[in-house]
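Notes follow the structure.
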Amino acid sequence: MPHRVAFVRQSTYESASLRASIRRAIELADVDISSAAGKDVLLKPNMLGAYLPEMGVTTHPAFVRETGRIFREAGAKVSVGDSGNGVHGIARTWEATGIGAVCREEGFQELHFEGCGSLPCGDFMISAAPLAADIIINLPKFKTHGLTTLTLAAKNLFGCVAGMQKFGLHRTYARPHDFAMAVVKIADAVRPALTIIDGVVGMEGNGPSAGKLRHLKVIAAGCDLFALDAACCQLVGLPPENLETLIAAKELNLWDPAAPIDIAGDPLEELSVADFALPATYTRNLQQGWLSRHAMKLIWSQISARPKIDDGRCVRCGACVAACPVSAISQPHREKKPEIDDGICIQCFCCHEICPYQAIDIHQSWPVRIARWVAEQNMKRLSRHLRRAKERR
Ligand code: SF4
Ligand code: SF4
């Protein structure tokens with residue numbers, strides 16, 4: 001039977017209409033909310049760092065509040081948990097995102113994954129908190145990501161690895177494909193019962209923290225992580241087979257690109273956007289097109305996108321130095337911006353992700369720009385295809 005994915009149009013975070021749309025998305029995804037009665041339900045939003053809700057980096061607190069209310073009304077005991085980037089500080093992250101206040105006001109238990117201990121799960125150490133929950137509801141933000149192109153259902157579960165341990169995984173799995181394999185294995189080990197993606201206001205361009213807001217006006221829900229991610233790729237014109245996490249899922253026999261998806265709710269063609277901006281690091285088409293994977297590996301170090309610190313925006317806080325998993329960033333003089341050693345840098349973009357001042361740009365070499373042009377042409381082709389499908393309806 002095909003996996004069900006639901007799309008519901010939603011343009012604001014206004015309480016009543018948001019709750020009605022989340023409920024509709026859950027029901028369309030074929031989930032019986034009443035089955036949560038008496039269970040421990042853990043909501044897993046994206047709490048990357050100490051970012052305000054209006055920055056579009058983290059799952060909106062209203063989204064967390066209304067989802068929690070739906071499950072609490074069904075008789076569940078609701079908790080909210082995540083582990084941020086480990087650099088901004090746990091208390092600051094919970095306060096800035098507004099999710100700490102939601103937990104206090106609603107009586108949801110606040111679970112800092114960093115302080116819950118970790119347990120071995122498959123090849124990885126995962127926070128004990130999600131492993132102990134009866135039901136996990138995954139609440140990602142719809143946004144771009146420098147390493148995985150988009151961060152959707154599967155990537156959001158990387159937050160189940162506690163705190164600074166994430167940097168160790170970035171170091172071990174430095175290349176995008178290796179990293180995506182790790183992400184998918186973690187997501188498969190955590191296995192949420194349901195994912196509901198906050199795409200009311202998403203992010204395009206150089207996400208996950210320095211992109212531009214994009215009002216996608218959509219809530220997407222589904223029980224199968226990979227079918228949901230594939231459908232969301234179609235929403236923004238990205239061929240699903242070009243998303244690193246789906247490539248990894250296919251290799252691990254967790255996703256079949258040929259399997260049909262049962263899409264419910266508001267029509268995908270009406271919600272889809274034709275000009276969604278991908279991150280500057282998106283080079284998948286170059287890798288799959290006129291250069292083989294092996295050739296790409298050889299010249300990767302020469303052509304890949306690289307982090308560059310903007311002297312004007314950098315406030316010399318040193319957060320990027322602490323975040324770099326391979327110690328490629330140093331700051332010999334406190335009054336000067338840090339320096340990146342390109343010979344050591346593994347292009348994981350953790351520094352770009354955590355810089356609180358958006359002072360780290362992604363520099364593109366000319367082959368990367370060509371790759372992006374190829375990718376954009378493919379996206380336009382997919383958009384045309386969706387438009388034609390809509391006209392035929
Ligand atoms: S680049 Fe960003 S994180 Fe690094 S020192 Fe400057 S402001 Fe801080
Ligand atoms: S400099 Fe930035 S992109 Fe390079 S390895 Fe360090 S954190 Fe990753």
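Lettering and numbering for the structure tokens are positional, with chains as A, B, ... in the shown order, residues counted from 1 in each chain, and ligands counted from 1 in the shown order.
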Closest-contact table, chain A side, partner ligand 1, 8 Å, counting only C-alpha atoms and all ligand atoms, as JSON lines:
{"residue": "A:Ile309", "atom": "CA", "partner": "ligand 1", "partner_atom_place_in_ligand_line": "1 (S)", "distance": 5.4}
{"residue": "A:Asp310", "atom": "CA", "partner": "ligand 1", "partner_atom_place_in_ligand_line": "1 (S)", "distance": 7.0}
{"residue": "A:Asp311", "atom": "CA", "partner": "ligand 1", "partner_atom_place_in_ligand_line": "6 (Fe)", "distance": 7.7}
{"residue": "A:Arg313", "atom": "CA", "partner": "ligand 1", "partner_atom_place_in_ligand_line": "7 (S)", "distance": 6.7}
{"residue": "A:Cys314", "atom": "CA", "partner": "ligand 1", "partner_atom_place_in_ligand_line": "6 (Fe)", "distance": 3.7}
{"residue": "A:Val315", "atom": "CA", "partner": "ligand 1", "partner_atom_place_in_ligand_line": "7 (S)", "distance": 4.4}
{"residue": "A:Arg316", "atom": "CA", "partner": "ligand 1", "partner_atom_place_in_ligand_line": "5 (S)", "distance": 3.8}
{"residue": "A:Cys317", "atom": "CA", "partner": "ligand 1", "partner_atom_place_in_ligand_line": "8 (Fe)", "distance": 3.9}
{"residue": "A:Gly318", "atom": "CA", "partner": "ligand 1", "partner_atom_place_in_ligand_line": "5 (S)", "distance": 4.0}
{"residue": "A:Ala319", "atom": "CA", "partner": "ligand 1", "partner_atom_place_in_ligand_line": "3 (S)", "distance": 4.2}
{"residue": "A:Cys320", "atom": "CA", "partner": "ligand 1", "partner_atom_place_in_ligand_line": "3 (S)", "distance": 4.1}
{"residue": "A:Val321", "atom": "CA", "partner": "ligand 1", "partner_atom_place_in_ligand_line": "4 (Fe)", "distance": 6.5}
{"residue": "A:Lys337", "atom": "CA", "partner": "ligand 1", "partner_atom_place_in_ligand_line": "6 (Fe)", "distance": 5.9}
{"residue": "A:Pro338", "atom": "CA", "partner": "ligand 1", "partner_atom_place_in_ligand_line": "5 (S)", "distance": 5.9}
{"residue": "A:Cys351", "atom": "CA", "partner": "ligand 1", "partner_atom_place_in_ligand_line": "3 (S)", "distance": 6.7}
{"residue": "A:His352", "atom": "CA", "partner": "ligand 1", "partner_atom_place_in_ligand_line": "2 (Fe)", "distance": 7.8}
{"residue": "A:Ile354", "atom": "CA", "partner": "ligand 1", "partner_atom_place_in_ligand_line": "3 (S)", "distance": 6.7}
{"residue": "A:Cys355", "atom": "CA", "partner": "ligand 1", "partner_atom_place_in_ligand_line": "3 (S)", "distance": 3.9}
{"residue": "A:Pro356", "atom": "CA", "partner": "ligand 1", "partner_atom_place_in_ligand_line": "2 (Fe)", "distance": 6.0}
{"residue": "A:Tyr357", "atom": "CA", "partner": "ligand 1", "partner_atom_place_in_ligand_line": "7 (S)", "distance": 5.2}
{"residue": "A:Gln358", "atom": "CA", "partner": "ligand 1", "partner_atom_place_in_ligand_line": "2 (Fe)", "distance": 6.3}
{"residue": "A:Ala359", "atom": "CA", "partner": "ligand 1", "partner_atom_place_in_ligand_line": "2 (Fe)", "distance": 4.9}
{"residue": "A:Ile360", "atom": "CA", "partner": "ligand 1", "partner_atom_place_in_ligand_line": "1 (S)", "distance": 5.4}
Q: May I have the residues within 7 Å of ligand 2, computed using only C-alpha atoms and all ligand atoms, as a list in words?
A: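 The residues near ligand 2 are Arg306, Pro307, Cys320, Ala323, Cys324, Pro325, Val326, Ser327, Ala328, Ile329, Ile340, Ile344, Cys345, Ile346, Gln347, Cys348, Phe349, Cys350, Cys351 and His352 of chain A.
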Cys160 in chain A environment, 10 Å, only C-alpha atoms, sequence neighbours closer than 5 positions dropped, as a PDB file with all heavy atoms, in the first residue's frame:
ATOM      1  N   LYS A  44       9.266  16.474  19.005  1.00  0.00           N
ATOM      2  CA  LYS A  44      10.685  16.745  18.692  1.00  0.00           C
ATOM      3  C   LYS A  44      10.751  17.854  17.634  1.00  0.00           C
ATOM      4  O   LYS A  44      10.748  17.611  16.434  1.00  0.00           O
ATOM      5  CB  LYS A  44      11.340  15.444  18.201  1.00  0.00           C
ATOM      6  CG  LYS A  44      12.651  15.607  17.434  1.00  0.00           C
ATOM      7  CD  LYS A  44      13.761  16.191  18.276  1.00  0.00           C
ATOM      8  CE  LYS A  44      15.029  16.393  17.444  1.00  0.00           C
ATOM      9  NZ  LYS A  44      15.005  17.621  16.605  1.00  0.00           N
ATOM     10  N   GLY A  81      11.221  17.877  23.481  1.00  0.00           N
ATOM     11  CA  GLY A  81      12.658  17.711  23.679  1.00  0.00           C
ATOM     12  C   GLY A  81      13.462  17.884  22.417  1.00  0.00           C
ATOM     13  O   GLY A  81      12.994  17.636  21.305  1.00  0.00           O
ATOM     14  N   ASP A  82      14.688  18.350  22.614  1.00  0.00           N
ATOM     15  CA  ASP A  82      15.652  18.447  21.508  1.00  0.00           C
ATOM     16  C   ASP A  82      17.018  18.739  22.104  1.00  0.00           C
ATOM     17  O   ASP A  82      17.152  19.003  23.310  1.00  0.00           O
ATOM     18  CB  ASP A  82      15.254  19.557  20.518  1.00  0.00           C
ATOM     19  CG  ASP A  82      16.011  19.448  19.190  1.00  0.00           C
ATOM     20  OD1 ASP A  82      16.597  18.373  18.926  1.00  0.00           O
ATOM     21  OD2 ASP A  82      16.037  20.426  18.427  1.00  0.00           O
ATOM     22  N   SER A  83      18.007  18.680  21.246  1.00  0.00           N
ATOM     23  CA  SER A  83      19.351  19.084  21.631  1.00  0.00           C
ATOM     24  C   SER A  83      19.854  20.034  20.556  1.00  0.00           C
ATOM     25  O   SER A  83      19.898  19.663  19.374  1.00  0.00           O
ATOM     26  CB  SER A  83      20.243  17.847  21.707  1.00  0.00           C
ATOM     27  OG  SER A  83      21.581  18.230  21.648  1.00  0.00           O
ATOM     28  N   GLY A  84      20.181  21.236  20.930  1.00  0.00           N
ATOM     29  CA  GLY A  84      20.606  22.247  19.962  1.00  0.00           C
ATOM     30  C   GLY A  84      22.052  22.058  19.539  1.00  0.00           C
ATOM     31  O   GLY A  84      22.634  20.973  19.681  1.00  0.00           O
ATOM     32  N   PHE A 113      17.822  17.061  25.836  1.00  0.00           N
ATOM     33  CA  PHE A 113      18.423  15.763  25.511  1.00  0.00           C
ATOM     34  C   PHE A 113      19.855  15.651  26.039  1.00  0.00           C
ATOM     35  O   PHE A 113      20.341  14.561  26.319  1.00  0.00           O
ATOM     36  CB  PHE A 113      18.421  15.529  23.994  1.00  0.00           C
ATOM     37  CG  PHE A 113      17.059  15.224  23.408  1.00  0.00           C
ATOM     38  CD1 PHE A 113      16.901  15.056  22.035  1.00  0.00           C
ATOM     39  CD2 PHE A 113      15.932  15.080  24.212  1.00  0.00           C
ATOM     40  CE1 PHE A 113      15.664  14.760  21.486  1.00  0.00           C
ATOM     41  CE2 PHE A 113      14.680  14.801  23.676  1.00  0.00           C
ATOM     42  CZ  PHE A 113      14.549  14.642  22.298  1.00  0.00           C
ATOM     43  N   GLU A 114      20.512  16.825  26.163  1.00  0.00           N
ATOM     44  CA  GLU A 114      21.917  16.815  26.607  1.00  0.00           C
ATOM     45  C   GLU A 114      22.044  16.231  28.020  1.00  0.00           C
ATOM     46  O   GLU A 114      23.089  15.689  28.377  1.00  0.00           O
ATOM     47  CB  GLU A 114      22.497  18.240  26.621  1.00  0.00           C
ATOM     48  CG  GLU A 114      22.486  18.959  25.273  1.00  0.00           C
ATOM     49  CD  GLU A 114      21.174  19.685  24.989  1.00  0.00           C
ATOM     50  OE1 GLU A 114      20.172  19.435  25.676  1.00  0.00           O
ATOM     51  OE2 GLU A 114      21.170  20.509  24.058  1.00  0.00           O
ATOM     52  N   SER A 118      22.797   9.045  27.227  1.00  0.00           N
ATOM     53  CA  SER A 118      22.703   8.489  25.871  1.00  0.00           C
ATOM     54  C   SER A 118      22.794   6.980  25.939  1.00  0.00           C
ATOM     55  O   SER A 118      23.432   6.416  26.837  1.00  0.00           O
ATOM     56  CB  SER A 118      23.843   9.027  24.991  1.00  0.00           C
ATOM     57  OG  SER A 118      23.672  10.405  24.767  1.00  0.00           O
ATOM     58  N   MET A 125      25.208   6.642  19.437  1.00  0.00           N
ATOM     59  CA  MET A 125      24.727   6.930  20.782  1.00  0.00           C
ATOM     60  C   MET A 125      23.602   7.963  20.635  1.00  0.00           C
ATOM     61  O   MET A 125      23.815   9.045  20.079  1.00  0.00           O
ATOM     62  CB  MET A 125      25.854   7.516  21.643  1.00  0.00           C
ATOM     63  CG  MET A 125      26.986   6.544  21.926  1.00  0.00           C
ATOM     64  SD  MET A 125      26.454   5.082  22.863  1.00  0.00           S
ATOM     65  CE  MET A 125      26.218   5.787  24.486  1.00  0.00           C
ATOM     66  N   ILE A 126      22.426   7.612  21.129  1.00  0.00           N
ATOM     67  CA  ILE A 126      21.261   8.492  20.971  1.00  0.00           C
ATOM     68  C   ILE A 126      20.734   8.833  22.355  1.00  0.00           C
ATOM     69  O   ILE A 126      20.761   8.001  23.271  1.00  0.00           O
ATOM     70  CB  ILE A 126      20.184   7.787  20.106  1.00  0.00           C
ATOM     71  CG1 ILE A 126      20.731   7.676  18.675  1.00  0.00           C
ATOM     72  CG2 ILE A 126      18.863   8.547  20.116  1.00  0.00           C
ATOM     73  CD1 ILE A 126      19.840   6.948  17.722  1.00  0.00           C
ATOM     74  N   SER A 127      20.258  10.062  22.497  1.00  0.00           N
ATOM     75  CA  SER A 127      19.728  10.494  23.792  1.00  0.00           C
ATOM     76  C   SER A 127      18.679   9.498  24.297  1.00  0.00           C
ATOM     77  O   SER A 127      17.824   9.019  23.534  1.00  0.00           O
ATOM     78  CB  SER A 127      19.096  11.882  23.659  1.00  0.00           C
ATOM     79  OG  SER A 127      18.377  12.175  24.833  1.00  0.00           O
ATOM     80  N   ALA A 128      18.731   9.215  25.585  1.00  0.00           N
ATOM     81  CA  ALA A 128      17.802   8.237  26.161  1.00  0.00           C
ATOM     82  C   ALA A 128      16.356   8.746  26.135  1.00  0.00           C
ATOM     83  O   ALA A 128      15.416   7.938  26.142  1.00  0.00           O
ATOM     84  CB  ALA A 128      18.217   7.927  27.600  1.00  0.00           C
ATOM     85  N   ALA A 129      16.167  10.063  26.093  1.00  0.00           N
ATOM     86  CA  ALA A 129      14.805  10.608  26.178  1.00  0.00           C
ATOM     87  C   ALA A 129      13.914  10.161  25.022  1.00  0.00           C
ATOM     88  O   ALA A 129      12.821   9.631  25.258  1.00  0.00           O
ATOM     89  CB  ALA A 129      14.855  12.127  26.278  1.00  0.00           C
ATOM     90  N   PRO A 130      14.316  10.351  23.764  1.00  0.00           N
ATOM     91  CA  PRO A 130      13.423   9.881  22.688  1.00  0.00           C
ATOM     92  C   PRO A 130      13.251   8.368  22.698  1.00  0.00           C
ATOM     93  O   PRO A 130      12.171   7.867  22.347  1.00  0.00           O
ATOM     94  CB  PRO A 130      14.117  10.357  21.397  1.00  0.00           C
ATOM     95  CG  PRO A 130      15.507  10.713  21.769  1.00  0.00           C
ATOM     96  CD  PRO A 130      15.469  11.092  23.215  1.00  0.00           C
ATOM     97  N   LEU A 131      14.276   7.644  23.136  1.00  0.00           N
ATOM     98  CA  LEU A 131      14.165   6.183  23.130  1.00  0.00           C
ATOM     99  C   LEU A 131      13.160   5.704  24.188  1.00  0.00           C
ATOM    100  O   LEU A 131      12.588   4.623  24.063  1.00  0.00           O
ATOM    101  CB  LEU A 131      15.539   5.543  23.364  1.00  0.00           C
ATOM    102  CG  LEU A 131      16.591   5.867  22.285  1.00  0.00           C
ATOM    103  CD1 LEU A 131      17.932   5.226  22.630  1.00  0.00           C
ATOM    104  CD2 LEU A 131      16.143   5.417  20.899  1.00  0.00           C
ATOM    105  N   LYS A 166      27.323  15.659  18.337  1.00  0.00           N
ATOM    106  CA  LYS A 166      27.011  15.880  16.922  1.00  0.00           C
ATOM    107  C   LYS A 166      28.256  16.315  16.155  1.00  0.00           C
ATOM    108  O   LYS A 166      28.449  15.935  15.002  1.00  0.00           O
ATOM    109  CB  LYS A 166      25.917  16.942  16.786  1.00  0.00           C
ATOM    110  CG  LYS A 166      24.554  16.458  17.214  1.00  0.00           C
ATOM    111  CD  LYS A 166      23.455  17.351  16.688  1.00  0.00           C
ATOM    112  CE  LYS A 166      23.137  18.458  17.635  1.00  0.00           C
ATOM    113  NZ  LYS A 166      22.491  18.041  18.878  1.00  0.00           N
ATOM    114  N   ILE A 186      20.253   7.090  11.950  1.00  0.00           N
ATOM    115  CA  ILE A 186      19.738   7.620  13.222  1.00  0.00           C
ATOM    116  C   ILE A 186      18.216   7.782  13.136  1.00  0.00           C
ATOM    117  O   ILE A 186      17.480   7.377  14.041  1.00  0.00           O
ATOM    118  CB  ILE A 186      20.428   8.963  13.565  1.00  0.00           C
ATOM    119  CG1 ILE A 186      21.890   8.705  13.930  1.00  0.00           C
ATOM    120  CG2 ILE A 186      19.700   9.700  14.687  1.00  0.00           C
ATOM    121  CD1 ILE A 186      22.773   9.924  13.920  1.00  0.00           C
ATOM    122  N   ALA A 187      17.741   8.356  12.036  1.00  0.00           N
ATOM    123  CA  ALA A 187      16.291   8.565  11.866  1.00  0.00           C
ATOM    124  C   ALA A 187      15.557   7.235  11.905  1.00  0.00           C
ATOM    125  O   ALA A 187      14.495   7.108  12.532  1.00  0.00           O
ATOM    126  CB  ALA A 187      16.028   9.285  10.542  1.00  0.00           C
ATOM    127  N   VAL A 190      15.362   5.972  15.473  1.00  0.00           N
ATOM    128  CA  VAL A 190      14.433   6.728  16.333  1.00  0.00           C
ATOM    129  C   VAL A 190      12.973   6.446  15.949  1.00  0.00           C
ATOM    130  O   VAL A 190      12.103   6.336  16.801  1.00  0.00           O
ATOM    131  CB  VAL A 190      14.752   8.245  16.265  1.00  0.00           C
ATOM    132  CG1 VAL A 190      13.711   9.057  17.014  1.00  0.00           C
ATOM    133  CG2 VAL A 190      16.147   8.515  16.827  1.00  0.00           C
TER     134      VAL A 190
END
Q: Find, counting only C-alpha atoms, the residue in A:Ala210, A:Ile362, A:Val184, A:Ala277 that gets nearest to Gly56 in chain A.
A: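 Looking only at the distances to Gly56 in chain A, the closest residue turns out to be A:Ala210.
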**Q.** Members of range 39-174 of chain A assigned helix (DSSP H, G or I) by DSSP, as a VMD selection string
**A.** chain A and resid 53 to 55 61 to 73 90 to 96 99 to 106 113 to 115 128 to 132 153 to 160 165 to 172
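Distances to Asp123 in chain A were evaluated for A:Ala162, A:Ile99, A:Leu169, A:Ala389 using only C-alpha atoms, and the minimum falls at A:Leu169.
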Q: Would you mind writing down, as a count of residues only, each residue of range 141-294 of chain A that DSSP on the backbone assigns to strand (DSSP E or B)?
A: 32
Q | Atom pair CA of Asp40 in chain A / CA of Ile26 in chain A: separation (Å) | A | 17.7 Å
Q.
So that I can check the surroundings of Arg72 in chain A, please list as a VMD selection string every protein, DNA and RNA residue that reaches within 9 Å of it, counting only C-alpha atoms and ignoring chain neighbours fewer than 6 positions away.
A. chain A and resid 36 to 37 41 78
Save the residues we just selected, all heavy atoms, as a short mmCIF file (atom, residue, chain, number, x, y, z; two decimals), in the first residue's frame?
data_model
loop_
_atom_site.label_atom_id
_atom_site.label_comp_id
_atom_site.auth_asym_id
_atom_site.auth_seq_id
_atom_site.Cartn_x
_atom_site.Cartn_y
_atom_site.Cartn_z
N ALA A 36 -3.32 7.93 21.20
CA ALA A 36 -2.28 8.48 22.07
C ALA A 36 -2.72 8.57 23.53
O ALA A 36 -1.92 8.91 24.41
CB ALA A 36 -1.87 9.87 21.57
N ALA A 37 -3.99 8.27 23.80
CA ALA A 37 -4.51 8.37 25.17
C ALA A 37 -3.68 7.54 26.14
O ALA A 37 -3.40 6.36 25.88
CB ALA A 37 -5.97 7.92 25.20
N VAL A 41 3.87 11.12 25.00
CA VAL A 41 4.10 11.62 23.64
C VAL A 41 5.20 12.68 23.68
O VAL A 41 5.08 13.68 24.39
CB VAL A 41 2.81 12.22 23.03
CG1 VAL A 41 3.10 12.95 21.73
CG2 VAL A 41 1.79 11.12 22.79
N VAL A 78 2.30 15.03 27.49
CA VAL A 78 3.12 15.61 26.43
C VAL A 78 4.44 16.14 26.98
O VAL A 78 4.48 16.84 27.99
CB VAL A 78 2.35 16.76 25.71
CG1 VAL A 78 3.23 17.44 24.67
CG2 VAL A 78 1.08 16.21 25.07
#
Q.
Using Å and a single decimal, report how far CA of Arg19 in chain A sits from CA of Glu66 in chain A.
A.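 About the pair CA of Glu66 in chain A and CA of Arg19 in chain A: they are 5.2 Å apart.
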Q) Residues at most 7 Å from Met203 in chain A, counting only C-alpha atoms, excluding those fewer than 6 positions away in the same chain, as an MDAnalysis selection string? A) chainID A and resid 56 142:144 211:214
Write to file, as a PDB file, in the first residue's frame, the residues of the selection just made, with N, CA and C atoms.
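The result, written out as result-v2.pdb:
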ATOM      1  N   GLY A  56      12.799  32.174  11.538  1.00  0.00           N
ATOM      2  CA  GLY A  56      12.472  31.032  10.666  1.00  0.00           C
ATOM      3  C   GLY A  56      13.491  29.903  10.715  1.00  0.00           C
ATOM      4  N   PHE A 142      10.642  23.442   7.708  1.00  0.00           N
ATOM      5  CA  PHE A 142      10.921  23.257   6.274  1.00  0.00           C
ATOM      6  C   PHE A 142      11.979  24.284   5.880  1.00  0.00           C
ATOM      7  N   LYS A 143      13.209  23.807   5.676  1.00  0.00           N
ATOM      8  CA  LYS A 143      14.257  24.780   5.336  1.00  0.00           C
ATOM      9  C   LYS A 143      15.408  24.088   4.618  1.00  0.00           C
ATOM     10  N   THR A 144      16.276  24.913   4.085  1.00  0.00           N
ATOM     11  CA  THR A 144      17.450  24.424   3.370  1.00  0.00           C
ATOM     12  C   THR A 144      18.563  24.101   4.369  1.00  0.00           C
ATOM     13  N   GLY A 211      19.637  31.606   5.847  1.00  0.00           N
ATOM     14  CA  GLY A 211      18.908  31.754   4.593  1.00  0.00           C
ATOM     15  C   GLY A 211      17.880  32.864   4.666  1.00  0.00           C
ATOM     16  N   LYS A 212      16.967  32.869   3.686  1.00  0.00           N
ATOM     17  CA  LYS A 212      15.916  33.888   3.650  1.00  0.00           C
ATOM     18  C   LYS A 212      14.581  33.240   3.967  1.00  0.00           C
ATOM     19  N   LEU A 213      13.720  33.994   4.647  1.00  0.00           N
ATOM     20  CA  LEU A 213      12.391  33.472   4.953  1.00  0.00           C
ATOM     21  C   LEU A 213      11.636  33.205   3.660  1.00  0.00           C
ATOM     22  N   ARG A 214      10.900  32.111   3.641  1.00  0.00           N
ATOM     23  CA  ARG A 214      10.052  31.804   2.491  1.00  0.00           C
ATOM     24  C   ARG A 214       8.691  31.343   3.001  1.00  0.00           C
TER      25      ARG A 214
END
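By chain and then residue number, the residues within 10 Å of Thr67 in chain A are Leu18, Arg19, Ala20, Ile22, Arg23, Ile26, Leu43, Pro61, Ala62, Arg72, Val78, Ile137, Leu139 and Ile196 of chain A, counting only C-alpha atoms and disregarding those fewer than 5 positions away in sequence.
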